[in-house]
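Dropping protein00.txt in here (compact mmCIF, C-alpha atoms and all ligand atoms):
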# COMPACT_ATOMS: atom_id res chain seq x y z
CA MET A 1 0.00 0.00 0.00
CA GLU A 2 0.97 3.58 -0.58
CA LEU A 3 2.57 5.07 2.52
CA ILE A 4 1.82 8.53 3.86
CA ASN A 5 2.71 10.44 7.01
CA THR A 6 0.98 13.70 7.88
CA HIS A 7 2.74 14.43 11.19
CA CYS A 8 6.45 14.85 12.02
CA HIS A 9 8.80 17.18 13.92
CA THR A 10 12.29 18.40 13.05
CA GLY A 11 15.04 20.06 15.07
CA TYR A 12 13.23 23.38 14.62
CA ASN A 13 11.38 22.30 17.80
CA GLY A 14 13.56 22.13 20.89
CA HIS A 15 12.52 18.51 21.44
CA GLY A 16 12.82 17.26 17.85
CA GLU A 17 15.87 16.11 15.92
CA GLY A 18 16.99 16.19 12.33
CA THR A 19 16.72 18.51 9.36
CA VAL A 20 13.95 18.73 6.79
CA GLU A 21 16.32 17.26 4.21
CA GLU A 22 17.15 14.28 6.47
CA TYR A 23 13.46 13.60 6.96
CA VAL A 24 12.76 13.75 3.24
CA ASN A 25 15.61 11.38 2.48
CA CYS A 26 14.39 8.88 5.08
CA ALA A 27 10.82 9.20 3.81
CA ILE A 28 11.80 8.59 0.19
CA ALA A 29 13.92 5.59 1.22
CA ALA A 30 10.90 4.16 3.08
CA GLY A 31 8.59 4.67 0.07
CA ILE A 32 6.45 7.46 1.56
CA LYS A 33 4.50 9.38 -1.10
CA THR A 34 3.08 12.24 1.02
CA LEU A 35 4.93 13.79 3.94
CA ALA A 36 3.64 16.73 5.98
CA PHE A 37 6.00 18.70 8.18
CA THR A 38 4.06 19.82 11.25
CA ASP A 39 6.45 21.51 13.64
CA HIS A 40 4.86 23.10 16.68
CA TYR A 41 3.52 26.59 16.05
CA PRO A 42 5.11 29.06 18.52
CA LEU A 43 3.69 29.24 22.02
CA SER A 44 4.00 32.35 24.16
CA GLN A 45 7.05 32.91 26.32
CA ALA A 46 4.86 32.25 29.38
CA MET A 47 3.74 28.84 28.10
CA ASP A 48 7.06 27.75 26.59
CA PRO A 49 9.84 29.80 28.21
CA THR A 50 12.75 27.84 26.72
CA THR A 51 11.15 27.10 23.31
CA TYR A 52 11.56 23.43 24.14
CA VAL A 53 8.04 22.64 22.95
CA SER A 54 7.56 24.91 19.96
CA VAL A 55 9.47 26.60 17.14
CA PRO A 56 10.93 29.99 18.18
CA VAL A 57 9.00 32.84 16.56
CA ASP A 58 12.06 34.05 14.65
CA LYS A 59 12.64 30.60 13.13
CA VAL A 60 9.21 30.04 11.58
CA ASP A 61 10.06 31.66 8.24
CA ALA A 62 13.26 29.61 7.93
CA TYR A 63 11.29 26.45 8.72
CA ILE A 64 8.74 27.18 6.00
CA ASP A 65 11.47 28.09 3.50
CA ASP A 66 13.29 24.83 4.27
CA VAL A 67 10.18 22.74 3.65
CA LYS A 68 9.43 24.58 0.40
CA ALA A 69 13.03 24.13 -0.77
CA ALA A 70 12.78 20.39 -0.07
CA ARG A 71 9.60 20.26 -2.15
CA LEU A 72 11.39 21.82 -5.12
CA ALA A 73 14.34 19.48 -4.73
CA HIS A 74 12.23 16.30 -4.41
CA PRO A 75 9.29 16.26 -6.83
CA GLU A 76 8.95 12.49 -6.38
CA ILE A 77 7.24 12.98 -2.99
CA GLU A 78 4.42 15.35 -2.07
CA ILE A 79 5.70 17.59 0.71
CA ILE A 80 3.23 19.64 2.73
CA VAL A 81 4.02 22.77 4.74
CA GLY A 82 2.19 22.31 8.00
CA CYS A 83 2.21 23.04 11.68
CA GLU A 84 0.78 21.59 14.88
CA LEU A 85 -1.20 24.24 16.73
CA ASP A 86 -2.01 23.93 20.42
CA TYR A 87 -5.58 24.60 21.41
CA LEU A 88 -5.42 26.38 24.76
CA GLY A 89 -9.12 27.18 25.18
CA PRO A 90 -9.72 29.90 27.76
CA ASP A 91 -5.95 30.07 28.43
CA GLU A 92 -5.07 31.25 24.92
CA ASP A 93 -2.58 34.09 25.35
CA ARG A 94 -1.48 34.65 21.75
CA THR A 95 -3.01 36.99 19.22
CA PHE A 96 -2.98 35.75 15.66
CA LYS A 97 -2.80 38.13 12.72
CA PRO A 98 -5.62 37.75 10.19
CA GLY A 99 -4.49 35.18 7.64
CA GLU A 100 -1.66 34.02 9.93
CA PHE A 101 -2.27 30.37 9.07
CA ASP A 102 -2.65 30.90 5.32
CA ARG A 103 1.07 30.14 4.96
CA PHE A 104 0.46 26.61 6.21
CA GLU A 105 -1.18 24.07 3.93
CA LEU A 106 -2.05 21.78 6.83
CA VAL A 107 -2.77 22.66 10.45
CA LEU A 108 -3.00 19.95 13.08
CA GLY A 109 -5.14 20.82 16.09
CA SER A 110 -3.84 19.46 19.39
CA VAL A 111 -4.81 19.56 23.02
CA HIS A 112 -1.63 19.17 25.10
CA TYR A 113 -2.73 21.58 27.85
CA VAL A 114 -5.61 21.24 30.28
CA ASP A 115 -6.22 24.57 32.03
CA ALA A 116 -2.70 25.72 31.11
CA TRP A 117 -1.09 22.56 32.53
CA PRO A 118 0.87 20.44 30.00
CA PHE A 119 -0.62 17.10 31.02
CA ASP A 120 1.55 15.07 28.62
CA ASP A 121 4.87 16.56 29.77
CA PRO A 122 6.92 13.84 31.53
CA ALA A 123 8.47 16.50 33.80
CA GLN A 124 5.02 17.38 35.19
CA ARG A 125 3.59 13.92 35.36
CA GLY A 126 3.27 13.96 39.18
CA LYS A 127 -0.12 15.68 39.07
CA TRP A 128 -1.64 12.55 37.54
CA GLU A 129 -0.84 10.71 40.79
CA GLU A 130 -2.94 13.04 42.94
CA PRO A 131 -6.19 11.46 44.17
CA GLY A 132 -9.03 11.72 41.67
CA MET A 133 -6.96 13.55 39.05
CA PRO A 134 -7.37 11.08 36.19
CA ASP A 135 -11.17 11.46 36.50
CA VAL A 136 -10.89 15.24 36.36
CA ILE A 137 -8.26 15.43 33.61
CA TRP A 138 -9.99 13.01 31.23
CA ARG A 139 -13.30 14.87 31.41
CA ARG A 140 -11.66 18.25 31.01
CA TYR A 141 -9.47 16.97 28.19
CA PHE A 142 -12.47 15.83 26.14
CA GLU A 143 -14.39 19.03 26.88
CA LEU A 144 -11.48 21.03 25.47
CA TRP A 145 -11.03 18.63 22.57
CA CYS A 146 -14.68 19.01 21.61
CA ASP A 147 -14.47 22.81 21.97
CA ALA A 148 -11.41 22.74 19.71
CA VAL A 149 -12.92 20.60 16.97
CA SER A 150 -16.19 22.57 17.07
CA ASP A 151 -14.57 26.01 16.93
CA LYS A 152 -15.00 27.26 13.36
CA LYS A 153 -12.53 30.11 13.95
CA GLN A 154 -9.69 27.63 14.45
CA PRO A 155 -7.60 26.81 11.36
CA PHE A 156 -7.44 23.07 12.13
CA HIS A 157 -7.68 20.56 9.30
CA VAL A 158 -6.85 17.45 11.36
CA MET A 159 -7.29 16.75 15.07
CA SER A 160 -4.13 14.97 16.28
CA HIS A 161 -3.82 12.05 18.69
CA PRO A 162 -7.49 12.29 19.81
CA ASP A 163 -7.04 10.49 23.15
CA LEU A 164 -3.65 11.87 24.17
CA ALA A 165 -4.90 11.86 27.80
CA LYS A 166 -4.00 8.15 27.95
CA LYS A 167 -0.30 8.74 27.21
CA PHE A 168 0.97 7.89 30.71
CA ASN A 169 -1.54 5.06 31.09
CA TYR A 170 -3.76 6.75 33.68
CA TYR A 171 -7.45 6.16 33.06
CA PRO A 172 -10.59 7.47 34.77
CA THR A 173 -12.66 5.29 37.08
CA TYR A 174 -15.85 5.93 35.08
CA ASP A 175 -16.94 4.61 31.70
CA ILE A 176 -15.16 6.55 28.93
CA ALA A 177 -17.68 5.58 26.22
CA PRO A 178 -19.87 8.72 26.59
CA LEU A 179 -16.77 10.91 26.14
CA TYR A 180 -15.87 8.96 23.00
CA ARG A 181 -19.37 9.45 21.57
CA MET A 182 -19.27 13.15 22.36
CA ALA A 183 -15.90 13.46 20.57
CA ALA A 184 -17.12 11.54 17.51
CA GLU A 185 -20.28 13.63 17.22
CA ALA A 186 -18.33 16.88 17.51
CA ALA A 187 -15.78 15.75 14.92
CA ALA A 188 -18.46 14.59 12.47
CA GLU A 189 -20.30 17.88 12.82
CA SER A 190 -17.12 19.86 12.16
CA GLY A 191 -16.14 18.09 8.92
CA ARG A 192 -12.54 17.98 10.14
CA MET A 193 -10.29 14.94 9.88
CA ILE A 194 -8.89 12.97 12.77
CA GLU A 195 -5.58 11.16 12.85
CA VAL A 196 -4.37 7.71 13.71
CA ASN A 197 -1.07 8.50 15.42
CA THR A 198 1.26 5.53 15.65
CA SER A 199 3.54 7.05 18.32
CA GLY A 200 1.15 6.00 21.10
CA SER A 201 2.54 2.44 21.09
CA TYR A 202 5.86 3.77 22.38
CA TYR A 203 4.52 5.58 25.46
CA ALA A 204 3.36 4.05 28.75
CA CYS A 205 -0.15 3.52 27.32
CA LYS A 206 1.39 1.19 24.68
CA GLU A 207 -1.48 1.83 22.28
CA ILE A 208 -1.87 3.77 19.06
CA PHE A 209 -3.88 7.02 19.38
CA PRO A 210 -6.88 6.79 19.43
CA ALA A 211 -8.10 3.63 21.18
CA GLN A 212 -9.95 1.14 18.96
CA ASP A 213 -13.26 1.94 20.67
CA LEU A 214 -12.87 5.64 19.95
CA LEU A 215 -11.70 5.02 16.40
CA ARG A 216 -14.80 2.86 15.82
CA GLU A 217 -16.97 5.74 17.02
CA PHE A 218 -15.22 8.09 14.59
CA CYS A 219 -15.70 5.60 11.77
CA ARG A 220 -19.39 5.08 12.57
CA ALA A 221 -19.88 8.85 12.63
CA GLY A 222 -18.24 9.18 9.19
CA VAL A 223 -15.20 11.16 10.33
CA PRO A 224 -12.36 11.01 7.76
CA CYS A 225 -9.12 9.63 9.16
CA THR A 226 -5.54 10.26 8.11
CA LEU A 227 -2.31 8.83 9.52
CA GLY A 228 0.72 10.37 11.22
CA THR A 229 3.72 8.79 12.90
CA ASP A 230 4.51 11.93 14.95
CA ALA A 231 8.21 11.18 14.40
CA HIS A 232 10.65 13.35 16.32
CA GLU A 233 13.69 11.78 14.60
CA PRO A 234 14.12 11.21 10.85
CA HIS A 235 14.70 7.45 11.13
CA LEU A 236 11.24 7.07 12.70
CA VAL A 237 9.42 8.83 9.87
CA ALA A 238 7.77 5.65 8.58
CA ARG A 239 7.32 3.80 11.88
CA ASP A 240 4.23 1.56 11.94
CA ILE A 241 2.41 3.20 9.04
CA GLU A 242 1.12 -0.11 7.68
CA ARG A 243 0.26 -1.24 11.20
CA GLY A 244 -1.73 1.98 11.54
CA TYR A 245 -3.62 1.20 8.32
CA ARG A 246 -4.54 -2.27 9.64
CA TYR A 247 -5.64 -0.70 12.93
CA MET A 248 -7.92 1.62 10.95
CA TYR A 249 -9.30 -1.32 8.97
CA GLU A 250 -10.12 -3.20 12.19
CA ALA A 251 -12.08 -0.14 13.35
CA GLY A 252 -14.14 -0.19 10.15
CA TYR A 253 -12.30 2.23 7.88
CA ARG A 254 -11.77 1.18 4.30
CA VAL A 255 -9.86 4.26 3.12
CA VAL A 256 -7.13 6.49 4.48
CA THR A 257 -7.84 10.17 3.84
CA VAL A 258 -4.82 12.14 2.67
CA PRO A 259 -4.65 15.93 2.78
CA THR A 260 -2.85 17.48 -0.19
CA ALA A 261 -0.62 20.54 -0.46
CA SER A 262 -3.36 22.32 -2.43
CA GLY A 263 -5.84 21.93 0.43
CA ASP A 264 -7.81 19.06 -1.13
CA ARG A 265 -8.16 15.54 0.12
CA ARG A 266 -7.63 12.24 -1.64
CA THR A 267 -8.09 8.68 -0.42
CA ILE A 268 -6.08 5.46 -0.42
CA THR A 269 -8.01 2.19 -0.29
CA ILE A 270 -6.87 -0.04 2.55
CA CYS A 271 -6.28 -3.53 1.23
ZN ZN A 301 1.08 16.59 19.62
ZN ZN A 302 3.31 16.16 17.13

I'd like the structure from this file rewritten - as structure tokens, please.
Amino acid sequence: MELINTHCHTGYNGHGEGTVEEYVNCAIAAGIKTLAFTDHYPLSQAMDPTTYVSVPVDKVDAYIDDVKAARLAHPEIEIIVGCELDYLGPDEDRTFKPGEFDRFELVLGSVHYVDAWPFDDPAQRGKWEEPGMPDVIWRRYFELWCDAVSDKKQPFHVMSHPDLAKKFNYYPTYDIAPLYRMAAEAAAESGRMIEVNTSGSYYACKEIFPAQDLLREFCRAGVPCTLGTDAHEPHLVARDIERGYRYMYEAGYRVVTVPTASGDRRTITIC
């Protein structure tokens, strides 16, 4: 099957490694036909004081230029200029210029912060251990996720790793199914894509994002699904793509939806 990856991070993020060119070379060697670069859109100084999480503001133009140069140099692969944009809900402290996101052909929408706390940051993991916290965090996470996907003012094309709250393998004591249904309904209503993100298998949760039960809800609701490996190193650019396709098939999907650089979508039949 044709391989695609719509989610990866280079050394332009403080926590990523490798150049755009190294990624493209690894992707071509692996047989990938569409590759989206989705480095983290800048956060404020208050949210990301050391630019460990996101690309420094003064490096964004260089990042975009690098991706466009790689596209010119490698016509054999479709390269997409993208970014991953944090949804901060009521804690948003950035102001975006009109048309700010027009320079990106693909914008991933992500919830990594619950009430300004980066719940998936290993350095701040302790809060999960406090009594009752998983119950609180999971509910709040899905509220924010649904707000994000439903917000028409947001530039998101794809909602990344839809159940990122499971990353450290803490789960709520209640039944998650109603949260899954709420997420699937909100996503279907929005017309946005969701993503199967193969990096989940390598965290404590040891499971692709999203869980099969949630992916089935998305499929039943008719939500288009794409695939990203969320690589942070070039050699991981193609990790588990075919496994991700099979995972989608088991959930009921028969096609992978692929965003294009022109803003369209195409599909690949899963066989
Ligand atoms: Zn992310
Ligand atoms: Zn990412």

Item to check | Contacts of segment 23-26 of chain A within 9 Å, all atoms listed in the file, excl. fewer than 5 positions in-chain, as a PyMOL selection string | outcome: chain A and resi 8+10+18+31-32+35+70+74+77+79+233-238

Checklist entry - segment 191-197 of chain A: which residues within 6 Å, counting only C-alpha atoms, same-chain residues fewer than 5 positions away excluded, as a ChimeraX atom specification? => result /A:157-161,209,224-229

Checklist entry - Do you know which residues are within 7 Å of ligand ZN 302 (chain A) using only C-alpha atoms and all ligand atoms? Can you write them as a ChimeraX atom specification? => result /A:7-9,38,84,230

Next on the checklist: When you look at Met182 of chain A with a cut-off of 12 Å (counting only C-alpha atoms), what residues show up, excluding the ones that are within fewer than 2 positions of it in the same chain? I need them as a list in words.
Outcome noted: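 Here the answer would be Arg139, Phe142, Glu143, Leu144, Trp145, Cys146, Asp147, Val149, Ser150, Ile176, Ala177, Pro178, Leu179, Tyr180, Ala184, Glu185, Ala186, Ala187, Ala188, Glu189, Leu214, Glu217, Phe218 and Ala221 of chain A.
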
Checklist entry - For Tyr87 of chain A, which residue among A:Ala123, A:Ala148, A:Ala36, A:Ala27 is the nearest when counting all atoms listed in the file? => result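 Counting all atoms listed in the file, the residue closest to Tyr87 of chain A is A:Ala148.
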
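With distances restricted to all atoms listed in the file, A:Asp163 is the closest residue to ligand ZN 301 (chain A) from A:Asp163, A:Asp102, A:Glu130, A:Glu207.
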